[in-house]
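What follows is the content of coords.csv, which has CSV, C-alpha atoms:
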```csv
chain,number,residue,atom,x,y,z
N,1,MET,CA,115.8,-82.8,28.4
N,2,THR,CA,119.4,-83.9,27.6
N,3,VAL,CA,120.1,-86.0,24.5
N,4,THR,CA,123.1,-88.3,24.7
N,5,LYS,CA,125.6,-88.7,21.9
N,6,ALA,CA,124.3,-92.2,21.2
N,7,GLU,CA,120.7,-90.9,21.0
N,8,LEU,CA,121.8,-88.0,18.8
N,9,ARG,CA,123.6,-90.4,16.4
N,10,ARG,CA,120.5,-92.6,16.2
N,11,PHE,CA,118.4,-89.5,15.5
N,12,VAL,CA,120.7,-88.5,12.6
N,13,GLU,CA,120.7,-92.0,11.2
N,14,ASN,CA,116.9,-92.2,11.3
N,15,ASN,CA,116.0,-88.7,10.1
N,16,ARG,CA,115.7,-88.3,6.4
N,17,HIS,CA,117.0,-84.7,6.5
N,18,ALA,CA,119.6,-84.7,9.3
N,19,ALA,CA,122.3,-86.6,7.4
N,20,ARG,CA,122.3,-83.9,4.6
N,21,LEU,CA,123.1,-81.0,7.0
N,22,THR,CA,126.8,-80.5,6.3
N,23,SER,CA,128.6,-77.4,7.5
N,24,ASN,CA,129.2,-76.1,3.9
N,25,LEU,CA,125.5,-76.3,2.9
N,26,GLN,CA,124.6,-72.9,1.7
N,27,ALA,CA,121.3,-71.3,0.6
N,28,PRO,CA,121.1,-70.0,-3.0
N,29,GLN,CA,121.9,-66.4,-3.3
N,30,ASN,CA,119.5,-65.5,-6.0
N,31,PRO,CA,117.3,-62.6,-4.7
N,32,LEU,CA,113.5,-62.8,-4.3
N,33,ARG,CA,112.3,-59.8,-6.2
N,34,GLY,CA,110.1,-57.2,-4.5
N,35,PRO,CA,106.9,-57.7,-6.6
N,36,ALA,CA,107.0,-61.5,-6.1
N,37,PHE,CA,107.7,-60.9,-2.4
N,38,LEU,CA,104.6,-58.6,-2.1
N,39,ARG,CA,102.4,-61.0,-4.1
N,40,THR,CA,103.4,-63.9,-2.0
N,41,TYR,CA,102.9,-62.0,1.2
N,42,LYS,CA,99.4,-60.7,0.3
N,43,ARG,CA,98.0,-63.9,-1.1
N,44,GLN,CA,99.0,-66.0,1.9
N,45,PHE,CA,98.2,-63.3,4.4
N,46,ASP,CA,94.7,-63.0,2.9
N,47,ARG,CA,94.4,-66.8,2.9
N,48,MET,CA,95.3,-67.1,6.5
N,49,GLN,CA,92.8,-64.4,7.5
N,50,ASP,CA,90.1,-66.1,5.5
N,51,PHE,CA,90.7,-69.3,7.4
N,52,ILE,CA,90.8,-67.6,10.7
N,53,ARG,CA,87.4,-66.0,10.1
N,54,GLU,CA,86.0,-69.4,9.1
N,55,ALA,CA,87.4,-71.1,12.2
N,56,VAL,CA,86.1,-68.3,14.5
N,57,ALA,CA,82.7,-68.6,12.9
N,58,ALA,CA,82.7,-72.4,13.4
N,59,ARG,CA,83.7,-72.1,17.0
N,60,HIS,CA,81.1,-69.5,17.6
N,61,GLN,CA,78.4,-71.5,16.0
N,62,LEU,CA,79.3,-74.6,18.1
N,63,GLN,CA,79.4,-72.6,21.3
N,64,VAL,CA,76.0,-71.0,20.7
N,65,VAL,CA,74.4,-74.4,20.1
N,66,VAL,CA,76.2,-75.9,23.2
N,67,ASN,CA,74.9,-73.1,25.4
N,68,ALA,CA,71.4,-73.3,24.0
N,69,THR,CA,71.3,-77.1,24.5
N,70,GLY,CA,72.5,-76.7,28.1
N,71,GLN,CA,69.6,-74.5,28.8
N,72,ILE,CA,67.1,-76.9,27.3
N,73,LEU,CA,68.6,-79.9,29.0
N,74,ALA,CA,68.0,-78.2,32.3
N,75,ASN,CA,64.3,-78.9,31.7
N,76,ALA,CA,63.3,-82.3,33.2
N,77,ALA,CA,60.3,-82.7,30.8
N,78,PHE,CA,62.6,-82.3,27.8
N,79,ARG,CA,65.0,-84.8,29.2
N,80,ALA,CA,62.2,-87.2,29.7
N,81,LEU,CA,61.1,-86.7,26.1
N,82,LEU,CA,64.6,-87.5,24.9
N,83,GLN,CA,64.6,-90.7,26.9
N,84,ALA,CA,61.2,-91.7,25.6
N,85,HIS,CA,62.3,-91.2,22.0
N,86,ASP,CA,65.7,-92.9,22.3
N,87,LEU,CA,67.6,-89.7,22.0
N,88,ALA,CA,69.1,-89.5,25.5
N,89,THR,CA,72.5,-90.4,24.3
N,90,LEU,CA,74.2,-87.1,23.5
N,91,PRO,CA,77.3,-86.2,21.5
N,92,TRP,CA,80.2,-85.8,23.9
N,93,ILE,CA,80.3,-82.0,23.8
N,94,LEU,CA,76.6,-81.7,24.6
N,95,ALA,CA,76.9,-84.2,27.4
N,96,GLN,CA,79.3,-81.8,29.1
N,97,VAL,CA,76.4,-79.4,29.7
N,98,SER,CA,73.8,-81.9,30.6
N,99,PRO,CA,72.7,-82.0,34.3
N,100,THR,CA,73.0,-85.8,34.1
N,101,GLY,CA,76.3,-85.8,32.2
N,102,PRO,CA,80.0,-85.1,33.0
N,103,ASP,CA,81.0,-81.5,33.5
N,104,SER,CA,84.2,-80.6,31.6
N,105,ARG,CA,84.8,-77.7,34.0
N,106,SER,CA,85.5,-80.2,36.8
N,107,GLN,CA,88.1,-82.1,34.8
N,108,GLU,CA,91.7,-81.4,35.7
N,109,GLN,CA,93.4,-79.3,33.1
N,110,HIS,CA,97.0,-80.1,32.1
N,111,GLY,CA,99.1,-77.4,30.5
N,112,PRO,CA,101.8,-78.3,28.0
N,113,SER,CA,105.1,-79.5,29.4
N,114,CYS,CA,107.9,-77.0,29.4
N,115,PHE,CA,111.5,-77.8,28.8
N,116,THR,CA,114.2,-75.3,29.6
N,117,ALA,CA,117.1,-77.3,28.4
N,118,GLU,CA,119.3,-75.9,25.6
N,119,PRO,CA,117.9,-77.0,22.2
N,120,GLN,CA,120.0,-79.7,20.5
N,121,LEU,CA,121.1,-78.8,17.0
N,122,VAL,CA,122.2,-80.9,14.0
N,123,GLY,CA,124.0,-78.7,11.4
N,124,GLY,CA,122.5,-75.6,13.0
N,125,VAL,CA,118.9,-76.9,12.9
N,126,CYS,CA,117.1,-78.0,16.0
N,127,LEU,CA,116.0,-81.6,16.5
N,128,GLU,CA,112.3,-80.6,16.9
N,129,ALA,CA,112.2,-78.9,13.5
N,130,LEU,CA,113.9,-81.8,11.9
N,131,ASP,CA,111.6,-84.3,13.6
N,132,LEU,CA,108.5,-82.3,12.4
N,133,LEU,CA,109.8,-82.4,8.8
N,134,ASN,CA,110.8,-86.1,8.9
N,135,ASP,CA,107.7,-87.3,7.2
N,136,PHE,CA,107.8,-84.6,4.5
N,137,GLY,CA,109.9,-83.9,1.5
N,138,ALA,CA,111.8,-80.7,2.2
N,139,PRO,CA,114.2,-79.1,-0.3
N,140,VAL,CA,117.7,-79.2,1.2
N,141,LYS,CA,118.2,-75.5,0.6
N,142,ILE,CA,115.6,-74.7,3.2
N,143,PHE,CA,117.9,-75.8,6.0
N,144,PRO,CA,120.6,-73.1,5.5
N,145,LEU,CA,117.8,-70.6,5.8
N,146,LEU,CA,116.6,-72.1,9.0
N,147,ARG,CA,120.0,-71.6,10.5
N,148,GLU,CA,119.5,-67.9,10.2
N,149,VAL,CA,116.9,-68.0,13.0
N,150,VAL,CA,116.9,-69.2,16.6
N,151,PRO,CA,115.6,-72.7,17.3
N,152,SER,CA,112.2,-71.6,18.7
N,153,ARG,CA,111.6,-69.6,15.5
N,154,GLN,CA,112.8,-72.6,13.4
N,155,VAL,CA,110.0,-74.7,14.9
N,156,GLU,CA,107.5,-71.9,14.5
N,157,ILE,CA,108.3,-71.6,10.8
N,158,VAL,CA,108.2,-75.3,10.2
N,159,ARG,CA,104.8,-75.6,11.9
N,160,LEU,CA,103.5,-72.8,9.8
N,161,MET,CA,104.8,-74.4,6.6
N,162,LEU,CA,103.3,-77.7,7.5
N,163,ALA,CA,99.9,-76.1,8.4
N,164,LEU,CA,99.9,-74.3,5.1
N,165,ASP,CA,101.0,-77.6,3.4
N,166,ARG,CA,103.8,-75.6,1.7
N,167,VAL,CA,107.2,-76.9,2.8
N,168,GLN,CA,109.0,-74.9,0.1
N,169,PHE,CA,112.1,-72.8,-0.2
N,170,ARG,CA,110.2,-69.6,-1.1
N,171,VAL,CA,107.9,-70.0,1.8
N,172,ALA,CA,110.8,-70.3,4.2
N,173,ARG,CA,112.6,-67.4,2.6
N,174,VAL,CA,109.5,-65.1,3.1
N,175,LEU,CA,109.0,-66.2,6.7
N,176,ILE,CA,112.6,-65.7,7.6
N,177,ALA,CA,112.8,-62.3,5.8
N,178,LEU,CA,109.9,-61.3,8.1
N,179,THR,CA,111.4,-62.7,11.3
N,180,PRO,CA,111.9,-60.1,14.1
N,181,ARG,CA,115.6,-59.2,14.5
N,182,ALA,CA,115.6,-60.6,18.1
N,183,GLN,CA,114.8,-64.1,16.7
N,184,LEU,CA,117.7,-64.1,14.3
N,185,THR,CA,120.8,-66.2,15.0
N,186,ASP,CA,122.8,-63.0,14.4
N,187,PRO,CA,120.6,-60.1,15.5
N,188,PHE,CA,123.2,-57.6,14.1
N,189,ALA,CA,123.3,-59.1,10.6
N,190,PRO,CA,122.2,-56.7,7.9
N,191,ARG,CA,118.6,-57.3,6.7
N,192,LYS,CA,117.9,-57.9,3.1
N,193,GLN,CA,116.1,-55.1,1.2
N,194,TYR,CA,113.5,-55.7,-1.5
N,195,GLU,CA,112.9,-53.5,-4.5
N,196,GLY,CA,109.8,-51.3,-4.0
N,197,ILE,CA,109.4,-52.2,-0.3
N,198,SER,CA,110.6,-49.5,2.2
N,199,PRO,CA,112.0,-50.5,5.5
N,200,THR,CA,109.0,-49.0,7.2
N,201,ARG,CA,106.6,-51.1,5.1
N,202,LEU,CA,108.7,-54.2,5.7
N,203,ALA,CA,108.5,-53.6,9.4
N,204,ASP,CA,104.7,-53.3,9.3
N,205,MET,CA,104.5,-56.5,7.2
N,206,GLN,CA,106.6,-58.2,9.8
N,207,THR,CA,104.3,-57.1,12.7
N,208,ASP,CA,101.2,-58.1,10.8
N,209,LEU,CA,102.5,-61.4,9.7
N,210,ALA,CA,103.6,-62.3,13.2
N,211,LYS,CA,100.0,-61.6,14.5
N,212,VAL,CA,98.2,-63.5,11.8
N,213,SER,CA,100.6,-66.4,11.8
N,214,HIS,CA,100.0,-66.9,15.6
N,215,GLU,CA,96.2,-66.7,15.1
N,216,TYR,CA,96.4,-69.0,12.1
N,217,LEU,CA,98.4,-71.7,13.9
N,218,SER,CA,96.1,-71.5,16.9
N,219,ALA,CA,93.0,-71.8,14.7
N,220,ALA,CA,94.5,-74.7,12.8
N,221,SER,CA,95.4,-76.6,15.9
N,222,THR,CA,91.7,-76.6,17.1
N,223,HIS,CA,89.7,-76.4,13.9
N,224,GLY,CA,89.7,-80.2,13.3
N,225,ALA,CA,88.2,-80.9,16.7
N,226,THR,CA,85.7,-78.1,16.2
N,227,VAL,CA,84.6,-79.6,12.9
N,228,LEU,CA,84.3,-83.1,14.3
N,229,ASN,CA,82.1,-81.7,17.2
N,230,LEU,CA,80.0,-79.8,14.7
N,231,ILE,CA,79.5,-82.9,12.6
N,232,ALA,CA,78.4,-84.9,15.7
N,233,VAL,CA,76.1,-82.1,17.0
N,234,THR,CA,74.4,-81.4,13.6
N,235,GLY,CA,73.7,-85.1,13.2
N,236,TYR,CA,72.1,-85.2,16.6
N,237,ILE,CA,70.1,-82.0,16.0
N,238,ASP,CA,68.9,-83.4,12.7
N,239,LYS,CA,67.3,-86.2,14.6
N,240,LEU,CA,65.8,-83.8,17.1
N,241,LEU,CA,64.2,-81.7,14.4
N,242,ASN,CA,62.9,-84.8,12.6
N,243,ASN,CA,61.0,-85.8,15.7
N,244,PRO,CA,57.5,-84.1,15.7
N,245,ALA,CA,57.0,-84.4,19.5
N,246,LEU,CA,60.3,-82.8,20.3
N,247,VAL,CA,59.8,-80.0,17.8
N,248,ARG,CA,56.3,-79.2,19.2
N,249,PHE,CA,57.8,-79.1,22.8
N,250,MET,CA,60.6,-76.8,21.7
N,251,ALA,CA,58.2,-74.6,19.7
N,252,ARG,CA,56.0,-74.1,22.8
N,253,ASN,CA,58.8,-73.7,25.4
N,254,PHE,CA,62.0,-72.9,23.6
N,255,ALA,CA,61.2,-71.2,20.3
N,256,GLY,CA,64.4,-69.2,20.3
N,257,HIS,CA,66.5,-72.3,20.8
N,258,LEU,CA,64.7,-73.9,17.9
N,259,GLU,CA,65.9,-71.1,15.7
N,260,VAL,CA,69.4,-71.6,17.0
N,261,TYR,CA,69.2,-75.2,15.8
N,262,GLN,CA,67.9,-74.3,12.4
N,263,GLU,CA,70.8,-71.8,12.1
N,264,LEU,CA,73.2,-74.6,12.8
N,265,LEU,CA,71.8,-76.7,10.0
N,266,ASP,CA,71.9,-73.7,7.7
N,267,PHE,CA,75.5,-73.2,8.7
N,268,ARG,CA,76.3,-76.8,7.8
N,269,GLU,CA,74.8,-76.2,4.4
N,270,SER,CA,77.2,-73.3,3.9
N,271,GLY,CA,80.0,-75.8,4.2
N,272,PHE,CA,81.6,-75.4,7.6
N,273,GLN,CA,83.8,-78.4,7.0
N,274,LYS,CA,85.0,-77.5,3.5
N,275,ARG,CA,88.4,-76.1,4.5
N,276,ALA,CA,91.2,-77.3,6.7
N,277,PRO,CA,94.7,-75.8,6.5
N,278,ILE,CA,96.7,-78.9,5.6
N,279,ALA,CA,94.4,-79.8,2.8
N,280,GLU,CA,94.3,-76.5,1.0
N,281,GLN,CA,95.7,-76.4,-2.5
N,282,SER,CA,96.6,-72.7,-2.8
N,283,ALA,CA,100.3,-72.2,-3.3
N,284,TRP,CA,102.9,-69.6,-2.3
N,285,ILE,CA,103.7,-68.1,-5.6
```
Would you put the structure from the file into structure tokens?
Amino acid sequence: MTVTKAELRRFVENNRHAARLTSNLQAPQNPLRGPAFLRTYKRQFDRMQDFIREAVAARHQLQVVVNATGQILANAAFRALLQAHDLATLPWILAQVSPTGPDSRSQEQHGPSCFTAEPQLVGGVCLEALDLLNDFGAPVKIFPLLREVVPSRQVEIVRLMLALDRVQFRVARVLIALTPRAQLTDPFAPRKQYEGISPTRLADMQTDLAKVSHEYLSAASTHGATVLNLIAVTGYIDKLLNNPALVRFMARNFAGHLEVYQELLDFRESGFQKRAPIAEQSAWI
């Protein structure tokens, strides 16, 4: 995808950050001390892991209920009961496994579009990263740091900061310090050393952070949809379990599935929708 000079000029004029990216813009040189670096790393690493576990649990709970419902809906007598009690209209995700509803597996899947063109840069920062940050206040000293990494890593770092709701200089500094050498603008530049952190430990932290960051961004991108589906499904299951005729039918024919539904309601009570990455208040220290 090629951007013309006129389009690039309009982008710079309309982007709140692009106009500030002058060639002499430099990042502050004050060092991030080793103890603060470790504290920041551990707190945020643990926070991302906690969220990943919660997101995995939510996805698992939803999948178990969808699978159980698909098995019950295969029973014509149960479907007739739903119809008789005005409960035949299913939440979208349950309709996908209904014998009378659409099958999501038959829908055409479209993968993300791929662009192989050279990334366009403004002051050493790629347009996509600037565009992602356009609606957010970002300290100007972040941008010289972003210049230290390749465009794809710039975008990854920005996405991570946005998901964490922490578009901050210290966040960017930690993420860039733990960027693999191959993703640096100058792969041969000397790496910063931190008091009390050996090169071996720093390399391990880099590997671990790369893994958990990828999992965190993946979980964050789907968790909202998972929670919305859980809300719709639990509301529907509530209605089922408040219908004596349907409960009696399931108790006689699908006792195990009835337990699955009760577990879903218990899971809701534990607060499956209490956390979402962008709304969390914890800070990088």
| message | Here is a test: counting only C-alpha atoms, which residue of N:Gln63, N:Ser152, N:Thr100, N:Gln206 is nearest to N:Leu178? | response | N:Gln206
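Note that atom CA of N:Leu73 and atom CA of N:Ser98 are 5.8 Å apart.
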| query | Given the choices N:Leu230, N:Val56, N:Ile157, N:Ile237, which gets closest to N:Leu145 if the distance is worked out from all atoms listed in the file? | reply | N:Ile157
| message | Excluding N:Arg268 and its own-chain neighbours fewer than 3 positions away, which residues fall within 12 Å of it when counting all atoms listed in the file? Please give them as a ChimeraX atom specification. | response | /N:57-58,61-62,227,230-235,237-238,261-265,271-274
How would the residues just chosen look if you wrote them out with C-alpha atoms as a PDB file, keeping the file's coordinate frame?
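Final output, saved to result19.pdb:
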```pdb
ATOM      1  CA  ALA N  57      82.700 -68.600  12.900  1.00  0.00           C
ATOM      2  CA  ALA N  58      82.700 -72.400  13.400  1.00  0.00           C
ATOM      3  CA  GLN N  61      78.400 -71.500  16.000  1.00  0.00           C
ATOM      4  CA  LEU N  62      79.300 -74.600  18.100  1.00  0.00           C
ATOM      5  CA  VAL N 227      84.600 -79.600  12.900  1.00  0.00           C
ATOM      6  CA  LEU N 230      80.000 -79.800  14.700  1.00  0.00           C
ATOM      7  CA  ILE N 231      79.500 -82.900  12.600  1.00  0.00           C
ATOM      8  CA  ALA N 232      78.400 -84.900  15.700  1.00  0.00           C
ATOM      9  CA  VAL N 233      76.100 -82.100  17.000  1.00  0.00           C
ATOM     10  CA  THR N 234      74.400 -81.400  13.600  1.00  0.00           C
ATOM     11  CA  GLY N 235      73.700 -85.100  13.200  1.00  0.00           C
ATOM     12  CA  ILE N 237      70.100 -82.000  16.000  1.00  0.00           C
ATOM     13  CA  ASP N 238      68.900 -83.400  12.700  1.00  0.00           C
ATOM     14  CA  TYR N 261      69.200 -75.200  15.800  1.00  0.00           C
ATOM     15  CA  GLN N 262      67.900 -74.300  12.400  1.00  0.00           C
ATOM     16  CA  GLU N 263      70.800 -71.800  12.100  1.00  0.00           C
ATOM     17  CA  LEU N 264      73.200 -74.600  12.800  1.00  0.00           C
ATOM     18  CA  LEU N 265      71.800 -76.700  10.000  1.00  0.00           C
ATOM     19  CA  GLY N 271      80.000 -75.800   4.200  1.00  0.00           C
ATOM     20  CA  PHE N 272      81.600 -75.400   7.600  1.00  0.00           C
ATOM     21  CA  GLN N 273      83.800 -78.400   7.000  1.00  0.00           C
ATOM     22  CA  LYS N 274      85.000 -77.500   3.500  1.00  0.00           C
TER      23      LYS N 274
END
```
| said: Please report the interatomic distance between atom CA of N:Val149 and atom CA of N:Thr40 in Å with one decimal. | reply: 20.6 Å
